[in-house]
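Below is target.pdb, which holds PDB, C-alpha atoms, pLDDT in the B column.
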MODEL        1
ATOM      1  CA  MET A   1      91.137  55.696 -77.369  1.00 46.00           C
ATOM      2  CA  SER A   2      91.377  51.879 -77.627  1.00 47.00           C
ATOM      3  CA  GLU A   3      91.508  51.553 -73.819  1.00 49.00           C
ATOM      4  CA  GLU A   4      88.205  53.512 -73.458  1.00 50.00           C
ATOM      5  CA  ALA A   5      86.388  51.254 -76.003  1.00 48.00           C
ATOM      6  CA  GLU A   6      86.773  48.080 -73.918  1.00 53.00           C
ATOM      7  CA  PRO A   7      84.439  49.148 -71.061  1.00 52.00           C
ATOM      8  CA  ASN A   8      81.757  50.194 -73.559  1.00 56.00           C
ATOM      9  CA  SER A   9      82.045  46.820 -75.295  1.00 56.00           C
ATOM     10  CA  GLY A  10      81.635  44.964 -71.955  1.00 56.00           C
ATOM     11  CA  SER A  11      78.619  47.074 -71.043  1.00 59.00           C
ATOM     12  CA  ALA A  12      76.937  46.319 -74.359  1.00 56.00           C
ATOM     13  CA  GLU A  13      77.558  42.605 -73.908  1.00 59.00           C
ATOM     14  CA  ALA A  14      76.059  42.707 -70.379  1.00 52.00           C
ATOM     15  CA  GLN A  15      72.975  44.486 -71.702  1.00 56.00           C
ATOM     16  CA  LYS A  16      72.542  41.801 -74.355  1.00 55.00           C
ATOM     17  CA  GLN A  17      72.832  39.057 -71.738  1.00 57.00           C
ATOM     18  CA  GLY A  18      70.310  40.828 -69.492  1.00 53.00           C
ATOM     19  CA  SER A  19      67.877  41.275 -72.348  1.00 57.00           C
ATOM     20  CA  LYS A  20      68.180  37.596 -73.249  1.00 55.00           C
ATOM     21  CA  MET A  21      67.516  36.492 -69.649  1.00 56.00           C
ATOM     22  CA  THR A  22      64.505  38.802 -69.429  1.00 56.00           C
ATOM     23  CA  LYS A  23      63.078  37.308 -72.618  1.00 55.00           C
ATOM     24  CA  GLU A  24      63.622  33.769 -71.329  1.00 57.00           C
ATOM     25  CA  LYS A  25      61.909  34.625 -68.018  1.00 56.00           C
ATOM     26  CA  GLY A  26      58.992  36.127 -69.929  1.00 57.00           C
ATOM     27  CA  LYS A  27      58.696  33.004 -72.053  1.00 60.00           C
ATOM     28  CA  GLY A  28      58.773  30.850 -68.889  1.00 60.00           C
ATOM     29  CA  ARG A  29      56.008  32.851 -67.249  1.00 65.00           C
ATOM     30  CA  TYR A  30      53.939  32.701 -70.434  1.00 64.00           C
ATOM     31  CA  ALA A  31      54.416  28.912 -70.664  1.00 68.00           C
ATOM     32  CA  ALA A  32      53.418  28.473 -67.007  1.00 68.00           C
ATOM     33  CA  ALA A  33      50.297  30.590 -67.570  1.00 71.00           C
ATOM     34  CA  GLU A  34      49.403  28.511 -70.632  1.00 75.00           C
ATOM     35  CA  LEU A  35      49.861  25.293 -68.617  1.00 75.00           C
ATOM     36  CA  ARG A  36      47.608  26.537 -65.824  1.00 78.00           C
ATOM     37  CA  GLN A  37      44.973  27.566 -68.340  1.00 82.00           C
ATOM     38  CA  ALA A  38      45.166  24.134 -70.011  1.00 79.00           C
ATOM     39  CA  VAL A  39      44.785  22.354 -66.655  1.00 79.00           C
ATOM     40  CA  TRP A  40      41.754  24.431 -65.687  1.00 85.00           C
ATOM     41  CA  THR A  41      40.241  23.832 -69.124  1.00 83.00           C
ATOM     42  CA  VAL A  42      40.630  20.059 -68.716  1.00 82.00           C
ATOM     43  CA  VAL A  43      39.159  20.198 -65.184  1.00 82.00           C
ATOM     44  CA  GLY A  44      36.211  22.243 -66.433  1.00 81.00           C
ATOM     45  CA  VAL A  45      35.550  19.815 -69.282  1.00 81.00           C
ATOM     46  CA  LEU A  46      35.681  16.835 -66.896  1.00 84.00           C
ATOM     47  CA  ILE A  47      33.242  18.496 -64.477  1.00 83.00           C
ATOM     48  CA  LEU A  48      30.910  19.287 -67.373  1.00 78.00           C
ATOM     49  CA  LEU A  49      31.084  15.689 -68.644  1.00 78.00           C
ATOM     50  CA  VAL A  50      30.357  14.303 -65.179  1.00 74.00           C
ATOM     51  CA  GLY A  51      27.413  16.659 -64.785  1.00 68.00           C
ATOM     52  CA  VAL A  52      25.988  15.801 -68.203  1.00 64.00           C
ATOM     53  CA  THR A  53      26.421  12.058 -67.524  1.00 66.00           C
ATOM     54  CA  ALA A  54      24.673  12.366 -64.143  1.00 65.00           C
ATOM     55  CA  LEU A  55      21.822  14.317 -65.744  1.00 57.00           C
ATOM     56  CA  ILE A  56      21.403  11.733 -68.499  1.00 60.00           C
ATOM     57  CA  LEU A  57      21.377   8.871 -65.982  1.00 61.00           C
ATOM     58  CA  TRP A  58      18.837  10.712 -63.823  1.00 61.00           C
ATOM     59  CA  LEU A  59      16.572  11.382 -66.821  1.00 49.00           C
ATOM     60  CA  VAL A  60      16.862   7.771 -68.003  1.00 57.00           C
ATOM     61  CA  TYR A  61      16.274   6.100 -64.627  1.00 60.00           C
ATOM     62  CA  ARG A  62      14.427   8.881 -62.753  1.00 72.00           C
ATOM     63  CA  PRO A  63      13.837   7.016 -59.467  1.00 84.00           C
ATOM     64  CA  GLU A  64      10.406   7.258 -57.868  1.00 89.00           C
ATOM     65  CA  LYS A  65       9.802   7.331 -54.137  1.00 92.00           C
ATOM     66  CA  PRO A  66       9.116   4.015 -52.414  1.00 95.00           C
ATOM     67  CA  ARG A  67       5.578   3.491 -51.146  1.00 95.00           C
ATOM     68  CA  PHE A  68       4.568   2.349 -47.662  1.00 96.00           C
ATOM     69  CA  THR A  69       1.305   0.984 -46.253  1.00 96.00           C
ATOM     70  CA  VAL A  70       0.482  -0.380 -42.784  1.00 96.00           C
ATOM     71  CA  VAL A  71      -1.407  -3.678 -43.220  1.00 95.00           C
ATOM     72  CA  ASN A  72      -1.453  -5.161 -39.730  1.00 95.00           C
ATOM     73  CA  ALA A  73      -1.441  -3.874 -36.136  1.00 96.00           C
ATOM     74  CA  ALA A  74      -1.450  -5.425 -32.685  1.00 96.00           C
ATOM     75  CA  VAL A  75      -1.441  -3.792 -29.238  1.00 95.00           C
ATOM     76  CA  TYR A  76      -0.260  -5.880 -26.289  1.00 95.00           C
ATOM     77  CA  ASP A  77       0.246  -3.112 -23.771  1.00 92.00           C
ATOM     78  CA  LEU A  78      -0.952   0.491 -23.529  1.00 91.00           C
ATOM     79  CA  ASN A  79      -0.746   1.518 -19.910  1.00 90.00           C
ATOM     80  CA  ILE A  80      -0.569   4.996 -18.382  1.00 89.00           C
ATOM     81  CA  THR A  81       0.720   5.594 -14.855  1.00 88.00           C
ATOM     82  CA  SER A  82       1.377   8.670 -12.713  1.00 84.00           C
ATOM     83  CA  PRO A  83       3.392  10.840 -13.126  1.00 85.00           C
ATOM     84  CA  PRO A  84       2.189  10.675 -16.689  1.00 91.00           C
ATOM     85  CA  ILE A  85       4.293   8.040 -18.382  1.00 93.00           C
ATOM     86  CA  ILE A  86       3.121   5.480 -20.909  1.00 94.00           C
ATOM     87  CA  SER A  87       4.329   1.930 -21.396  1.00 92.00           C
ATOM     88  CA  THR A  88       3.522   0.200 -24.666  1.00 94.00           C
ATOM     89  CA  ALA A  89       4.041  -3.013 -26.598  1.00 95.00           C
ATOM     90  CA  MET A  90       2.929  -2.853 -30.225  1.00 96.00           C
ATOM     91  CA  HIS A  91       3.540  -4.745 -33.431  1.00 96.00           C
ATOM     92  CA  PHE A  92       3.046  -3.467 -36.969  1.00 97.00           C
ATOM     93  CA  THR A  93       3.474  -5.005 -40.396  1.00 96.00           C
ATOM     94  CA  ILE A  94       4.382  -2.509 -43.098  1.00 96.00           C
ATOM     95  CA  ILE A  95       4.352  -3.214 -46.825  1.00 96.00           C
ATOM     96  CA  THR A  96       6.884  -1.216 -48.828  1.00 95.00           C
ATOM     97  CA  ARG A  97       6.836  -1.168 -52.628  1.00 95.00           C
ATOM     98  CA  ASN A  98       9.613  -0.163 -54.995  1.00 95.00           C
ATOM     99  CA  PRO A  99       7.802   1.124 -58.108  1.00 94.00           C
ATOM    100  CA  ASN A 100      11.017   1.522 -60.134  1.00 91.00           C
ATOM    101  CA  HIS A 101      11.676  -0.927 -62.954  1.00 88.00           C
ATOM    102  CA  ARG A 102      15.376   0.006 -63.286  1.00 86.00           C
ATOM    103  CA  VAL A 103      16.380   1.231 -59.832  1.00 89.00           C
ATOM    104  CA  SER A 104      16.980  -0.701 -56.596  1.00 93.00           C
ATOM    105  CA  ILE A 105      16.897   0.880 -53.127  1.00 94.00           C
ATOM    106  CA  TYR A 106      19.216   0.489 -50.147  1.00 94.00           C
ATOM    107  CA  TYR A 107      17.748   1.275 -46.715  1.00 94.00           C
ATOM    108  CA  ASP A 108      20.965   1.689 -44.732  1.00 89.00           C
ATOM    109  CA  ARG A 109      19.316   2.815 -41.504  1.00 87.00           C
ATOM    110  CA  LEU A 110      15.673   3.041 -40.446  1.00 93.00           C
ATOM    111  CA  LEU A 111      14.186   4.140 -37.131  1.00 95.00           C
ATOM    112  CA  VAL A 112      10.523   3.574 -36.349  1.00 97.00           C
ATOM    113  CA  PHE A 113       8.288   4.873 -33.561  1.00 97.00           C
ATOM    114  CA  VAL A 114       4.638   5.685 -32.844  1.00 97.00           C
ATOM    115  CA  SER A 115       3.302   9.128 -32.026  1.00 97.00           C
ATOM    116  CA  TYR A 116      -0.059  10.253 -30.709  1.00 96.00           C
ATOM    117  CA  ARG A 117      -1.182  13.862 -31.036  1.00 94.00           C
ATOM    118  CA  ASN A 118       2.304  14.783 -32.263  1.00 93.00           C
ATOM    119  CA  GLN A 119       3.996  13.283 -29.187  1.00 95.00           C
ATOM    120  CA  ARG A 120       6.095  10.142 -29.267  1.00 96.00           C
ATOM    121  CA  ILE A 121       4.602   7.316 -27.168  1.00 96.00           C
ATOM    122  CA  THR A 122       7.149   4.571 -27.968  1.00 96.00           C
ATOM    123  CA  PRO A 123      10.942   4.651 -27.902  1.00 95.00           C
ATOM    124  CA  PRO A 124      12.539   4.575 -31.368  1.00 95.00           C
ATOM    125  CA  THR A 125      13.399   1.110 -32.653  1.00 95.00           C
ATOM    126  CA  VAL A 126      16.172   0.437 -35.183  1.00 95.00           C
ATOM    127  CA  LEU A 127      15.171  -1.802 -38.086  1.00 94.00           C
ATOM    128  CA  PRO A 128      17.775  -3.993 -39.838  1.00 92.00           C
ATOM    129  CA  PRO A 129      19.231  -2.764 -43.160  1.00 91.00           C
ATOM    130  CA  LEU A 130      17.116  -3.616 -46.184  1.00 91.00           C
ATOM    131  CA  PHE A 131      17.894  -3.995 -49.889  1.00 91.00           C
ATOM    132  CA  HIS A 132      14.822  -3.444 -52.059  1.00 91.00           C
ATOM    133  CA  GLU A 133      15.017  -5.056 -55.488  1.00 92.00           C
ATOM    134  CA  ARG A 134      13.656  -3.357 -58.584  1.00 91.00           C
ATOM    135  CA  HIS A 135       9.863  -3.316 -58.876  1.00 92.00           C
ATOM    136  CA  SER A 136       9.304  -5.508 -55.836  1.00 94.00           C
ATOM    137  CA  THR A 137       7.313  -5.599 -52.591  1.00 95.00           C
ATOM    138  CA  VAL A 138       8.735  -6.302 -49.124  1.00 94.00           C
ATOM    139  CA  ALA A 139       6.974  -6.829 -45.783  1.00 95.00           C
ATOM    140  CA  VAL A 140       8.667  -5.177 -42.798  1.00 94.00           C
ATOM    141  CA  SER A 141       7.888  -6.233 -39.227  1.00 95.00           C
ATOM    142  CA  ALA A 142       8.263  -3.617 -36.476  1.00 95.00           C
ATOM    143  CA  LYS A 143       8.005  -4.440 -32.763  1.00 95.00           C
ATOM    144  CA  LEU A 144       7.770  -1.317 -30.631  1.00 96.00           C
ATOM    145  CA  GLY A 145       7.663  -0.451 -26.938  1.00 93.00           C
ATOM    146  CA  GLY A 146       9.296  -1.996 -23.914  1.00 86.00           C
ATOM    147  CA  THR A 147      10.458   1.251 -22.310  1.00 89.00           C
ATOM    148  CA  ALA A 148       8.180   3.784 -20.618  1.00 92.00           C
ATOM    149  CA  VAL A 149       7.983   7.226 -22.220  1.00 94.00           C
ATOM    150  CA  PRO A 150       6.975  10.470 -20.429  1.00 94.00           C
ATOM    151  CA  VAL A 151       3.929  12.119 -21.984  1.00 94.00           C
ATOM    152  CA  SER A 152       1.773  15.200 -21.447  1.00 94.00           C
ATOM    153  CA  MET A 153      -1.687  15.315 -19.885  1.00 93.00           C
ATOM    154  CA  GLU A 154      -3.061  16.036 -23.368  1.00 93.00           C
ATOM    155  CA  VAL A 155      -1.929  12.576 -24.438  1.00 94.00           C
ATOM    156  CA  VAL A 156      -3.295  10.967 -21.245  1.00 93.00           C
ATOM    157  CA  ASN A 157      -6.734  12.583 -21.555  1.00 93.00           C
ATOM    158  CA  GLY A 158      -6.898  11.984 -25.299  1.00 94.00           C
ATOM    159  CA  LEU A 159      -6.111   8.282 -25.014  1.00 93.00           C
ATOM    160  CA  VAL A 160      -8.665   7.818 -22.214  1.00 91.00           C
ATOM    161  CA  MET A 161     -11.399   9.406 -24.336  1.00 94.00           C
ATOM    162  CA  ASP A 162     -10.409   7.595 -27.552  1.00 95.00           C
ATOM    163  CA  GLU A 163     -10.283   4.172 -25.853  1.00 93.00           C
ATOM    164  CA  GLU A 164     -13.718   4.757 -24.336  1.00 92.00           C
ATOM    165  CA  TYR A 165     -15.004   5.556 -27.821  1.00 92.00           C
ATOM    166  CA  GLY A 166     -13.156   2.572 -29.285  1.00 94.00           C
ATOM    167  CA  VAL A 167     -11.185   4.351 -32.007  1.00 95.00           C
ATOM    168  CA  VAL A 168      -7.578   5.545 -31.564  1.00 95.00           C
ATOM    169  CA  GLY A 169      -5.690   7.575 -34.138  1.00 95.00           C
ATOM    170  CA  MET A 170      -1.924   6.974 -34.282  1.00 95.00           C
ATOM    171  CA  ARG A 171       0.982   7.891 -36.496  1.00 96.00           C
ATOM    172  CA  LEU A 172       3.673   5.363 -37.360  1.00 97.00           C
ATOM    173  CA  VAL A 173       6.874   7.189 -38.288  1.00 97.00           C
ATOM    174  CA  LEU A 174       9.934   5.870 -40.118  1.00 97.00           C
ATOM    175  CA  LEU A 175      13.141   7.893 -40.409  1.00 96.00           C
ATOM    176  CA  GLY A 176      16.373   6.894 -42.061  1.00 95.00           C
ATOM    177  CA  ASN A 177      18.872   6.985 -44.908  1.00 95.00           C
ATOM    178  CA  ILE A 178      18.390   5.497 -48.347  1.00 94.00           C
ATOM    179  CA  ARG A 179      20.380   5.192 -51.569  1.00 92.00           C
ATOM    180  CA  TRP A 180      19.261   4.387 -55.094  1.00 89.00           C
ATOM    181  CA  LYS A 181      21.208   1.916 -57.250  1.00 88.00           C
ATOM    182  CA  ALA A 182      20.959   2.011 -61.048  1.00 83.00           C
ATOM    183  CA  GLY A 183      23.207  -0.536 -62.742  1.00 79.00           C
ATOM    184  CA  PRO A 184      26.721  -0.063 -61.306  1.00 81.00           C
ATOM    185  CA  PHE A 185      25.906   3.425 -60.022  1.00 79.00           C
ATOM    186  CA  LYS A 186      24.845   4.288 -56.462  1.00 84.00           C
ATOM    187  CA  THR A 187      23.596   7.666 -55.336  1.00 85.00           C
ATOM    188  CA  ARG A 188      24.623   9.473 -52.182  1.00 87.00           C
ATOM    189  CA  HIS A 189      22.571   9.049 -49.016  1.00 91.00           C
ATOM    190  CA  TYR A 190      19.170  10.739 -48.874  1.00 92.00           C
ATOM    191  CA  ARG A 191      17.051  11.274 -45.776  1.00 95.00           C
ATOM    192  CA  ILE A 192      13.653   9.572 -45.849  1.00 96.00           C
ATOM    193  CA  TYR A 193      10.705  10.547 -43.646  1.00 97.00           C
ATOM    194  CA  VAL A 194       7.621   8.310 -43.740  1.00 97.00           C
ATOM    195  CA  LYS A 195       4.384   9.201 -41.925  1.00 97.00           C
ATOM    196  CA  CYS A 196       1.594   6.621 -41.693  1.00 96.00           C
ATOM    197  CA  ASP A 197      -1.627   7.958 -40.152  1.00 96.00           C
ATOM    198  CA  ILE A 198      -3.837   5.064 -39.045  1.00 96.00           C
ATOM    199  CA  LEU A 199      -7.044   4.513 -37.089  1.00 95.00           C
ATOM    200  CA  VAL A 200      -7.278   1.356 -34.988  1.00 95.00           C
ATOM    201  CA  GLY A 201     -10.241  -0.146 -33.193  1.00 94.00           C
ATOM    202  CA  LEU A 202      -9.087  -0.286 -29.577  1.00 93.00           C
ATOM    203  CA  LYS A 203     -11.083  -0.448 -26.352  1.00 90.00           C
ATOM    204  CA  ASN A 204      -9.619   0.123 -22.892  1.00 87.00           C
ATOM    205  CA  GLY A 205      -8.102  -3.094 -21.536  1.00 86.00           C
ATOM    206  CA  TYR A 206      -8.101  -4.957 -24.856  1.00 89.00           C
ATOM    207  CA  VAL A 207      -4.868  -6.623 -25.983  1.00 90.00           C
ATOM    208  CA  GLY A 208      -4.030  -8.447 -29.188  1.00 94.00           C
ATOM    209  CA  GLN A 209      -4.737  -7.925 -32.876  1.00 94.00           C
ATOM    210  CA  VAL A 210      -6.635  -4.703 -33.536  1.00 95.00           C
ATOM    211  CA  PRO A 211      -8.630  -3.856 -36.673  1.00 94.00           C
ATOM    212  CA  LEU A 212      -7.285  -1.166 -38.973  1.00 94.00           C
ATOM    213  CA  LEU A 213     -10.247   1.124 -39.547  1.00 91.00           C
ATOM    214  CA  GLN A 214      -8.212   3.450 -41.789  1.00 86.00           C
ATOM    215  CA  SER A 215      -4.780   2.891 -43.289  1.00 81.00           C
ATOM    216  CA  PRO A 216      -4.154   4.934 -46.430  1.00 81.00           C
ATOM    217  CA  ASP A 217      -0.825   4.981 -48.205  1.00 87.00           C
ATOM    218  CA  CYS A 218       1.801   6.676 -46.060  1.00 95.00           C
ATOM    219  CA  ARG A 219       3.268  10.052 -46.931  1.00 95.00           C
ATOM    220  CA  VAL A 220       6.909   9.784 -48.026  1.00 96.00           C
ATOM    221  CA  ASP A 221       9.289  12.746 -48.041  1.00 95.00           C
ATOM    222  CA  ILE A 222      12.856  12.478 -49.358  1.00 90.00           C
TER
ENDMDL
END
With the file now loaded, output its structure as structure tokens.
Amino acid sequence: MSEEAEPNSGSAEAQKQGSKMTKEKGKGRYAAAELRQAVWTVVGVLILLVGVTALILWLVYRPEKPRFTVVNAAVYDLNITSPPIISTAMHFTIITRNPNHRVSIYYDRLLVFVSYRNQRITPPTVLPPLFHERHSTVAVSAKLGGTAVPVSMEVVNGLVMDEEYGVVGMRLVLLGNIRWKAGPFKTRHYRIYVKCDILVGLKNGYVGQVPLLQSPDCRVDI
């Protein structure tokens, strides 16, 4: 009888050990789950705080778009040869205004070219980087041309007629990347697209300074 009791006693002890290990494993899994939940809670709170801070800064500073106006134009070459290609040499002065009292603007890259009847007639020119102080005005000089550009017969015929009449409509286009700076904070890069529709007084064969017959504020898309 006593010899049969020993195996039963060992079995009971093994069951107790197994139950204890199972409980410890369960507690470990529960602790790990609690830790993961705590980490995700902290991450969520941080994301919410960053979002709220960004929203507050945006509402406080609320940057406005810069404004552009063409104030001066000169044409030194506007020659069409066959097959239809156009060679140009032009110079424009553009005034850009930063209307923001609390926000500065970085122009990290700007390309400028001239189009006529929705076709580019000058190669794109890269302007140097520009930092625009708060509530300030800057004059930008753009020299365009130098390389012949293929064009359609629509452009050729249109320019011939417009130069005979003495009024040529052009579009000065600026493309690039900008950032706003408010205090120590800088935004990500935004694409800027500026379209300046102008009318110049230009007769066939004339070179030099040309009068701006119409130069409203440019359209700015960001």
Practice prompt. Decode the PyMOL selection byres ((chain A and resi 154) around 12) for the given file into explicit residues and return them as a VMD selection string.
Written response: chain A and resid 84 to 85 116 to 119 150 to 153 155 to 162
Just the selected residues (C-alpha atoms), exported as a PDB file, in the frame of the given file, please.
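Saved to result_6.pdb:
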ATOM      1  CA  PRO A  84       2.189  10.675 -16.689  1.00 91.00           C
ATOM      2  CA  ILE A  85       4.293   8.040 -18.382  1.00 93.00           C
ATOM      3  CA  TYR A 116      -0.059  10.253 -30.709  1.00 96.00           C
ATOM      4  CA  ARG A 117      -1.182  13.862 -31.036  1.00 94.00           C
ATOM      5  CA  ASN A 118       2.304  14.783 -32.263  1.00 93.00           C
ATOM      6  CA  GLN A 119       3.996  13.283 -29.187  1.00 95.00           C
ATOM      7  CA  PRO A 150       6.975  10.470 -20.429  1.00 94.00           C
ATOM      8  CA  VAL A 151       3.929  12.119 -21.984  1.00 94.00           C
ATOM      9  CA  SER A 152       1.773  15.200 -21.447  1.00 94.00           C
ATOM     10  CA  MET A 153      -1.687  15.315 -19.885  1.00 93.00           C
ATOM     11  CA  VAL A 155      -1.929  12.576 -24.438  1.00 94.00           C
ATOM     12  CA  VAL A 156      -3.295  10.967 -21.245  1.00 93.00           C
ATOM     13  CA  ASN A 157      -6.734  12.583 -21.555  1.00 93.00           C
ATOM     14  CA  GLY A 158      -6.898  11.984 -25.299  1.00 94.00           C
ATOM     15  CA  LEU A 159      -6.111   8.282 -25.014  1.00 93.00           C
ATOM     16  CA  VAL A 160      -8.665   7.818 -22.214  1.00 91.00           C
ATOM     17  CA  MET A 161     -11.399   9.406 -24.336  1.00 94.00           C
ATOM     18  CA  ASP A 162     -10.409   7.595 -27.552  1.00 95.00           C
TER      19      ASP A 162
END
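With all atoms listed in the file as the basis for measurement, A:Leu174 is the residue among A:Ile47, A:Arg62, A:Gly183, A:Leu174 that approaches Val112 of chain A most closely.
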Worksheet item: Where does the PyMOL selection byres ((chain A and resi 178) around 12) land in this file, that is, which residues does it pick, as a PyMOL selection string?
Response: chain A and resi 65-66+104-110+129-132+174-177+179-181+186-193+221-222
Could you please take those selected residues and save C-alpha atoms as a tab-separated table (two decimals), in the coordinates of the input?
chain	number	residue	atom	x	y	z
A	65	LYS	CA	9.80	7.33	-54.14
A	66	PRO	CA	9.12	4.01	-52.41
A	104	SER	CA	16.98	-0.70	-56.60
A	105	ILE	CA	16.90	0.88	-53.13
A	106	TYR	CA	19.22	0.49	-50.15
A	107	TYR	CA	17.75	1.27	-46.72
A	108	ASP	CA	20.96	1.69	-44.73
A	109	ARG	CA	19.32	2.82	-41.50
A	110	LEU	CA	15.67	3.04	-40.45
A	129	PRO	CA	19.23	-2.76	-43.16
A	130	LEU	CA	17.12	-3.62	-46.18
A	131	PHE	CA	17.89	-4.00	-49.89
A	132	HIS	CA	14.82	-3.44	-52.06
A	174	LEU	CA	9.93	5.87	-40.12
A	175	LEU	CA	13.14	7.89	-40.41
A	176	GLY	CA	16.37	6.89	-42.06
A	177	ASN	CA	18.87	6.98	-44.91
A	179	ARG	CA	20.38	5.19	-51.57
A	180	TRP	CA	19.26	4.39	-55.09
A	181	LYS	CA	21.21	1.92	-57.25
A	186	LYS	CA	24.84	4.29	-56.46
A	187	THR	CA	23.60	7.67	-55.34
A	188	ARG	CA	24.62	9.47	-52.18
A	189	HIS	CA	22.57	9.05	-49.02
A	190	TYR	CA	19.17	10.74	-48.87
A	191	ARG	CA	17.05	11.27	-45.78
A	192	ILE	CA	13.65	9.57	-45.85
A	193	TYR	CA	10.70	10.55	-43.65
A	221	ASP	CA	9.29	12.75	-48.04
A	222	ILE	CA	12.86	12.48	-49.36
Fill in: Residues near Asn72 of chain A, cut-off 8 Å, all atoms listed in the file, skip fewer than 4 positions along chain, as a list in words
Phe92, Thr93, Ile94, Pro211 and Leu212 of chain A
Practice prompt. Given the file shown, determine the residues that the PyMOL selection byres ((chain A and resi 147) around 7) selects; report them as a VMD selection string.
Written response: chain A and resid 87 123 145 to 146 148 to 149
May I have the centre and edge lengths, in Å to one decimal, of an axis-aligned box around the listed atoms of segment 74-88 of chain A with 3 Å added to every side, as lines of an AutoDock Vina configuration file?
center_x = 1.4
center_y = 2.5
center_z = -22.7
size_x = 11.8
size_y = 22.7
size_z = 26.0
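Closest approach to Pro184 of chain A from the set A:Val207, A:Phe113, A:Thr137, A:Val103 is made by A:Val103, with distances taken over all atoms listed in the file.
Atom pair atom CA of Val194 of chain A / atom CA of Thr96 of chain A has a distance of 10.8 Å (rounded to one decimal).
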Response to the item:
Between atom CA of Val140 of chain A and atom CA of Asn100 of chain A lies a distance of 18.7 Å
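Among A:Ala142, A:Met90, A:Ala38, A:Leu46, the residue with the shortest atom-to-atom distance to Gln209 of chain A, counting only C-alpha atoms, is A:Met90.
The space separating atom CA of Gly208 of chain A from atom CA of Leu127 of chain A comes to 22.2 Å.
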Could you please fill out segment 70-75 of chain A with all heavy atoms and send it back as an mmCIF file, keeping the file's coordinate frame?
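Full text of rebuild.cif as output:
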data_model
loop_
_atom_site.group_PDB
_atom_site.id
_atom_site.type_symbol
_atom_site.label_atom_id
_atom_site.label_comp_id
_atom_site.auth_asym_id
_atom_site.auth_seq_id
_atom_site.Cartn_x
_atom_site.Cartn_y
_atom_site.Cartn_z
ATOM 1 N N VAL A 70 0.624 0.469 -43.968
ATOM 2 C CA VAL A 70 0.482 -0.380 -42.784
ATOM 3 C C VAL A 70 -0.662 -1.358 -43.039
ATOM 4 O O VAL A 70 -1.782 -0.946 -43.368
ATOM 5 C CB VAL A 70 0.206 0.458 -41.523
ATOM 6 C CG1 VAL A 70 0.036 -0.444 -40.302
ATOM 7 C CG2 VAL A 70 1.336 1.451 -41.288
ATOM 8 N N VAL A 71 -0.391 -2.671 -42.904
ATOM 9 C CA VAL A 71 -1.407 -3.678 -43.220
ATOM 10 C C VAL A 71 -1.831 -4.487 -42.002
ATOM 11 O O VAL A 71 -2.811 -5.241 -42.071
ATOM 12 C CB VAL A 71 -0.902 -4.633 -44.327
ATOM 13 C CG1 VAL A 71 -0.674 -3.873 -45.622
ATOM 14 C CG2 VAL A 71 0.360 -5.371 -43.893
ATOM 15 N N ASN A 72 -1.123 -4.354 -40.900
ATOM 16 C CA ASN A 72 -1.453 -5.161 -39.730
ATOM 17 C C ASN A 72 -0.997 -4.430 -38.471
ATOM 18 O O ASN A 72 0.052 -3.795 -38.462
ATOM 19 C CB ASN A 72 -0.760 -6.529 -39.827
ATOM 20 C CG ASN A 72 -1.312 -7.507 -38.809
ATOM 21 O OD1 ASN A 72 -2.405 -7.320 -38.296
ATOM 22 N ND2 ASN A 72 -0.544 -8.535 -38.507
ATOM 23 N N ALA A 73 -1.797 -4.528 -37.394
ATOM 24 C CA ALA A 73 -1.441 -3.874 -36.136
ATOM 25 C C ALA A 73 -1.911 -4.724 -34.966
ATOM 26 O O ALA A 73 -2.972 -5.367 -35.023
ATOM 27 C CB ALA A 73 -2.062 -2.485 -36.054
ATOM 28 N N ALA A 74 -1.090 -4.734 -33.915
ATOM 29 C CA ALA A 74 -1.450 -5.425 -32.685
ATOM 30 C C ALA A 74 -0.967 -4.593 -31.505
ATOM 31 O O ALA A 74 0.119 -4.004 -31.550
ATOM 32 C CB ALA A 74 -0.839 -6.827 -32.636
ATOM 33 N N VAL A 75 -1.787 -4.536 -30.454
ATOM 34 C CA VAL A 75 -1.441 -3.792 -29.238
ATOM 35 C C VAL A 75 -1.497 -4.763 -28.064
ATOM 36 O O VAL A 75 -2.547 -5.333 -27.760
ATOM 37 C CB VAL A 75 -2.413 -2.611 -29.012
ATOM 38 C CG1 VAL A 75 -2.071 -1.894 -27.714
ATOM 39 C CG2 VAL A 75 -2.375 -1.645 -30.183
#
